[in-house]
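Shown here: upload20.cif, mmCIF, C-alpha atoms.
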data_work
#
loop_
_atom_site.label_atom_id
_atom_site.label_comp_id
_atom_site.auth_asym_id
_atom_site.auth_seq_id
_atom_site.Cartn_x
_atom_site.Cartn_y
_atom_site.Cartn_z
CA MET A 17 -11.90 -20.30 -15.28
CA ASP A 18 -12.01 -22.18 -11.95
CA GLN A 19 -12.51 -19.38 -9.42
CA GLN A 20 -11.08 -21.29 -6.43
CA LYS A 21 -7.99 -22.44 -8.32
CA THR A 22 -7.36 -18.93 -9.70
CA PHE A 23 -7.85 -17.36 -6.27
CA ASN A 24 -5.44 -19.80 -4.58
CA SER A 25 -2.85 -19.28 -7.31
CA TRP A 26 -3.09 -15.48 -7.22
CA ILE A 27 -2.91 -15.29 -3.43
CA LYS A 28 0.11 -17.62 -3.42
CA ASP A 29 1.92 -15.87 -6.29
CA TYR A 30 1.10 -12.27 -5.42
CA ARG A 31 0.90 -12.33 -1.62
CA ALA A 32 4.01 -10.14 -1.26
CA LEU A 33 2.62 -7.56 -3.70
CA LEU A 34 -0.68 -7.41 -1.79
CA PHE A 35 1.11 -7.08 1.55
CA LYS A 36 3.15 -4.13 0.26
CA VAL A 37 -0.09 -2.27 -0.30
CA VAL A 38 -1.47 -3.38 3.07
CA ARG A 39 1.67 -2.30 4.87
CA ALA A 40 1.59 1.14 3.30
CA TYR A 41 -2.00 1.76 4.40
CA THR A 42 -1.83 0.38 7.95
CA LEU A 43 0.27 0.96 11.04
CA ASN A 44 -0.64 -2.03 13.19
CA ASN A 45 -1.16 -5.76 12.78
CA ASP A 46 -4.90 -5.75 13.48
CA ASP A 47 -5.56 -3.21 10.75
CA ALA A 48 -3.19 -5.04 8.39
CA ASN A 49 -5.08 -8.29 8.90
CA ASP A 50 -8.44 -6.55 8.38
CA LEU A 51 -7.29 -4.84 5.21
CA PHE A 52 -5.70 -7.98 3.79
CA GLN A 53 -8.96 -9.87 4.35
CA GLU A 54 -10.90 -7.12 2.60
CA ILE A 55 -8.49 -7.18 -0.34
CA ALA A 56 -8.75 -10.98 -0.54
CA ILE A 57 -12.56 -10.72 -0.65
CA GLN A 58 -12.36 -8.17 -3.47
CA VAL A 59 -9.90 -10.37 -5.36
CA TRP A 60 -12.31 -13.31 -5.03
CA LYS A 61 -15.22 -11.21 -6.29
CA SER A 62 -13.19 -9.84 -9.22
CA ILE A 63 -12.10 -13.16 -10.70
CA PRO A 64 -15.15 -13.59 -12.96
CA ASN A 65 -14.48 -10.09 -14.41
CA PHE A 66 -10.82 -10.76 -15.24
CA ARG A 67 -10.47 -10.99 -19.02
CA GLY A 68 -6.69 -11.16 -19.20
CA GLU A 69 -6.38 -7.80 -20.97
CA SER A 70 -3.71 -6.84 -18.44
CA ALA A 71 -1.27 -8.87 -16.38
CA ALA A 72 -2.71 -10.52 -13.28
CA SER A 73 -0.25 -8.52 -11.17
CA THR A 74 -1.55 -5.23 -12.62
CA TRP A 75 -5.15 -6.34 -12.04
CA LEU A 76 -4.43 -7.35 -8.44
CA TYR A 77 -2.45 -4.19 -7.73
CA ARG A 78 -5.36 -2.08 -8.88
CA ILE A 79 -7.81 -4.07 -6.74
CA ALA A 80 -5.51 -3.81 -3.72
CA LEU A 81 -4.95 -0.07 -4.14
CA ASN A 82 -8.63 0.73 -4.67
CA THR A 83 -9.65 -1.43 -1.72
CA ALA A 84 -6.97 0.13 0.50
CA ILE A 85 -8.07 3.64 -0.44
CA ARG A 86 -11.73 2.87 0.33
CA TRP A 87 -10.75 1.11 3.57
CA SER A 88 -8.54 4.03 4.60
CA LYS A 89 -11.31 6.58 4.03
CA ARG A 90 -13.79 4.44 5.95
CA GLU A 91 -11.36 4.00 8.84
CA ARG A 92 -10.64 7.72 8.94
CA LYS A 93 -14.36 8.49 9.20
CA HIS A 94 -14.75 5.84 11.90
CA ASN A 95 -11.80 7.19 13.89
CA ASP A 96 -12.54 10.87 13.27
CA GLY A 97 -12.02 12.77 16.51
CA LYS A 98 -10.48 9.80 18.33
CA GLN A 99 -6.85 9.64 19.31
CA ASP A 100 -5.47 6.50 17.72
CA PHE A 101 -3.00 5.10 20.21
CA ASP A 102 -2.04 2.28 17.83
CA SER A 103 -0.44 4.66 15.36
CA SER A 104 1.71 6.14 18.16
CA ALA A 105 2.42 2.73 19.64
CA TYR A 106 4.10 1.78 16.37
CA MET A 107 6.94 4.17 17.19
CA LEU A 108 7.25 2.86 20.74
CA GLU A 109 7.28 -0.84 19.85
CA TYR A 110 10.41 -2.78 20.59
CA LYS A 111 11.33 -5.06 17.70
CA PRO A 112 14.44 -7.07 18.52
CA ASP A 113 14.30 -9.03 15.26
CA GLN A 114 13.71 -5.93 13.13
CA GLN A 115 15.19 -6.64 9.74
CA ASP A 116 15.97 -3.19 8.41
CA GLU A 117 15.07 -0.02 10.25
CA ARG A 118 15.42 1.99 7.03
CA LEU A 119 12.69 -0.11 5.43
CA GLU A 120 10.50 0.38 8.51
CA TRP A 121 11.14 4.12 8.24
CA LEU A 122 10.20 4.11 4.55
CA TYR A 123 6.91 2.27 5.17
CA TYR A 124 6.13 4.65 8.01
CA GLN A 125 6.70 7.63 5.70
CA ILE A 126 4.58 6.07 2.95
CA ALA A 127 1.76 5.50 5.45
CA GLN A 128 1.73 9.25 6.18
CA MET A 129 1.15 10.19 2.53
CA ASP A 130 -2.21 10.88 0.89
CA GLU A 131 -3.78 8.04 -1.10
CA VAL A 132 -2.50 9.11 -4.52
CA ASP A 133 1.10 9.64 -3.37
CA LYS A 134 1.01 6.41 -1.38
CA SER A 135 -0.18 4.49 -4.43
CA LEU A 136 2.39 6.08 -6.73
CA THR A 137 5.21 5.38 -4.29
CA LEU A 138 4.26 1.71 -4.11
CA LEU A 139 3.98 1.45 -7.88
CA LEU A 140 7.37 3.15 -8.29
CA LEU A 141 9.00 0.83 -5.76
CA ASP A 142 7.61 -2.14 -7.67
CA GLY A 143 9.17 -0.93 -10.89
CA PHE A 144 6.10 0.11 -12.87
CA SER A 145 6.74 2.58 -15.69
CA TYR A 146 5.20 6.05 -15.69
CA LYS A 147 2.93 4.90 -18.52
CA GLU A 148 1.71 1.88 -16.51
CA MET A 149 1.18 4.07 -13.44
CA ALA A 150 -0.77 6.59 -15.51
CA GLU A 151 -3.06 3.83 -16.79
CA MET A 152 -3.65 2.41 -13.31
CA MET A 153 -4.19 5.78 -11.66
CA GLY A 154 -6.08 7.46 -14.48
CA ILE A 155 -3.76 10.49 -14.71
CA SER A 156 -1.30 11.67 -17.38
CA ASP A 157 2.31 10.49 -17.69
CA SER A 158 3.58 14.02 -17.14
CA ASN A 159 1.48 14.40 -13.99
CA ILE A 160 2.97 11.12 -12.75
CA GLY A 161 6.46 12.55 -13.31
CA VAL A 162 5.69 15.72 -11.38
CA LYS A 163 4.13 13.83 -8.49
CA ILE A 164 7.01 11.35 -8.27
CA HIS A 165 9.53 14.18 -8.31
CA ARG A 166 7.69 15.77 -5.35
CA ILE A 167 7.50 12.44 -3.51
CA LYS A 168 11.24 11.88 -3.91
CA LYS A 169 11.96 15.42 -2.73
CA TYR A 170 9.66 14.89 0.30
CA LEU A 171 11.39 11.60 1.21
CA VAL A 172 14.85 13.16 0.87
CA GLU A 173 13.82 16.01 3.20
CA ARG A 174 12.32 13.56 5.71
CA SER A 175 15.45 11.39 5.55
CA LYS A 176 17.54 14.36 6.75
CA THR A 177 15.59 14.41 10.02
CA TYR A 178 15.69 10.60 10.21
CA ASP A 179 19.47 10.58 10.16
CA SER A 180 19.60 12.62 13.35
CA HIS A 181 16.31 11.78 15.09
CA GLY A 182 15.08 8.35 13.93
CA VAL A 183 11.42 8.09 12.80
#

Mind turning this structure into structure tokens?
Amino acid sequence: MDQQKTFNSWIKDYRALLFKVVRAYTLNNDDANDLFQEIAIQVWKSIPNFRGESAASTWLYRIALNTAIRWSKRERKHNDGKQDFDSSAYMLEYKPDQQDERLEWLYYQIAQMDEVDKSLTLLLLDGFSYKEMAEMMGISDSNIGVKIHRIKKYLVERSKTYDSHGV
């Protein structure tokens, strides 16, 4: 397996998938760029270990989620006790070419979730089955169902305040 060729192909083919994970774990462009770079490094390092036992998309999703979780924990420790203006600035930003404010709202809500719920929400949005999610996350199918039910309920409740108050 040519590592450079595989890397280039995966980044080209799965860039959108990787950015979904990045977007869910970050609230500003600087953090998004940092996290994407870190994910790309982990993808590069993982290529020799890829045996094709799962789809490349599943492999990359798992790398991206695990990297994002580690990055998020490290960032939280680094920022512990500091007021992060960037996360508030997100709500104040003017975006004249904003494509869909509902999608922005959804990503904002996902970013507020804990790591497991965030990961499950992304996997659900990308159409993975409960069985696939259970394999990736290392928890039972029934636990996936319960967690997804709670996530949906949470988002429905949050959407009621969105309708009248925005983010």

- Task: Starting from the shown file, work through the PyMOL selection byres ((chain A and resi 146) around 9) and note down what comes out as a PyMOL selection string.
- Result: chain A and resi 140+144-145+147-151+156-158+160-161

- Rounded to one decimal in Å, what is the spacing between CA of Ile155 (chain A) and CA of Asp47 (chain A)? 29.0 Å

- Task: Name the residues that the PyMOL selection byres ((chain A and resi 50) around 12) picks from the file above, as an MDAnalysis selection string, using the file's chain letters and numbers.
- Result: chainID A and resid 35 38:39 41:49 51:57 83:84 87:88 91

- Message: Taking the file as I've supplied it (selection: the PyMOL selection byres ((chain A and resi 20-23) around 9)), which residues are included? Please answer as a list in words.
- Response: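 Evaluating the PyMOL selection byres ((chain A and resi 20-23) around 9) on this file yields Met17, Asp18, Gln19, Asn24, Ser25, Trp26, Ile27, Lys28, Ala56, Val59, Trp60 and Ile63 of chain A.
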
- Of the candidates A:Val172, A:Ile164, A:Met152, A:Val132, which shows the shortest atom-to-atom distance to Ala71 (chain A), using only C-alpha atoms?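 Of all the options, A:Met152 lies closest to Ala71 (chain A).
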
- Nearby residues (only C-alpha atoms) at most 10 Å from Ala72 (chain A), same-chain spacing under 6 positions excluded, as JSON, numbers by chain: {"A": [26, 29, 30, 66, 78]}

Could you add N, CA and C atoms to region 45-59 of chain A and give me the result as a CSV table (one decimal), in the coordinates of the input?
chain,number,residue,atom,x,y,z
A,45,ASN,N,-0.8,-4.4,13.3
A,45,ASN,CA,-1.2,-5.8,12.8
A,45,ASN,C,-2.7,-6.0,12.6
A,46,ASP,N,-3.5,-5.5,13.6
A,46,ASP,CA,-4.9,-5.8,13.5
A,46,ASP,C,-5.5,-5.1,12.2
A,47,ASP,N,-5.1,-3.9,12.0
A,47,ASP,CA,-5.6,-3.2,10.8
A,47,ASP,C,-5.0,-3.9,9.5
A,48,ALA,N,-3.8,-4.3,9.5
A,48,ALA,CA,-3.2,-5.0,8.4
A,48,ALA,C,-4.0,-6.3,8.1
A,49,ASN,N,-4.3,-7.1,9.1
A,49,ASN,CA,-5.1,-8.3,8.9
A,49,ASN,C,-6.5,-8.0,8.3
A,50,ASP,N,-7.1,-7.0,8.9
A,50,ASP,CA,-8.4,-6.6,8.4
A,50,ASP,C,-8.4,-6.1,6.9
A,51,LEU,N,-7.4,-5.3,6.6
A,51,LEU,CA,-7.3,-4.8,5.2
A,51,LEU,C,-6.9,-6.0,4.3
A,52,PHE,N,-6.0,-6.9,4.7
A,52,PHE,CA,-5.7,-8.0,3.8
A,52,PHE,C,-6.9,-8.8,3.5
A,53,GLN,N,-7.7,-9.1,4.5
A,53,GLN,CA,-9.0,-9.9,4.4
A,53,GLN,C,-9.9,-9.2,3.4
A,54,GLU,N,-10.0,-7.9,3.5
A,54,GLU,CA,-10.9,-7.1,2.6
A,54,GLU,C,-10.4,-7.2,1.2
A,55,ILE,N,-9.1,-7.1,1.0
A,55,ILE,CA,-8.5,-7.2,-0.3
A,55,ILE,C,-8.7,-8.6,-0.9
A,56,ALA,N,-8.5,-9.6,-0.1
A,56,ALA,CA,-8.8,-11.0,-0.5
A,56,ALA,C,-10.2,-11.2,-1.0
A,57,ILE,N,-11.1,-10.6,-0.3
A,57,ILE,CA,-12.6,-10.7,-0.6
A,57,ILE,C,-12.8,-10.1,-2.0
A,58,GLN,N,-12.2,-8.9,-2.2
A,58,GLN,CA,-12.4,-8.2,-3.5
A,58,GLN,C,-11.7,-8.9,-4.6
A,59,VAL,N,-10.6,-9.6,-4.3
A,59,VAL,CA,-9.9,-10.4,-5.4
A,59,VAL,C,-10.8,-11.5,-5.8
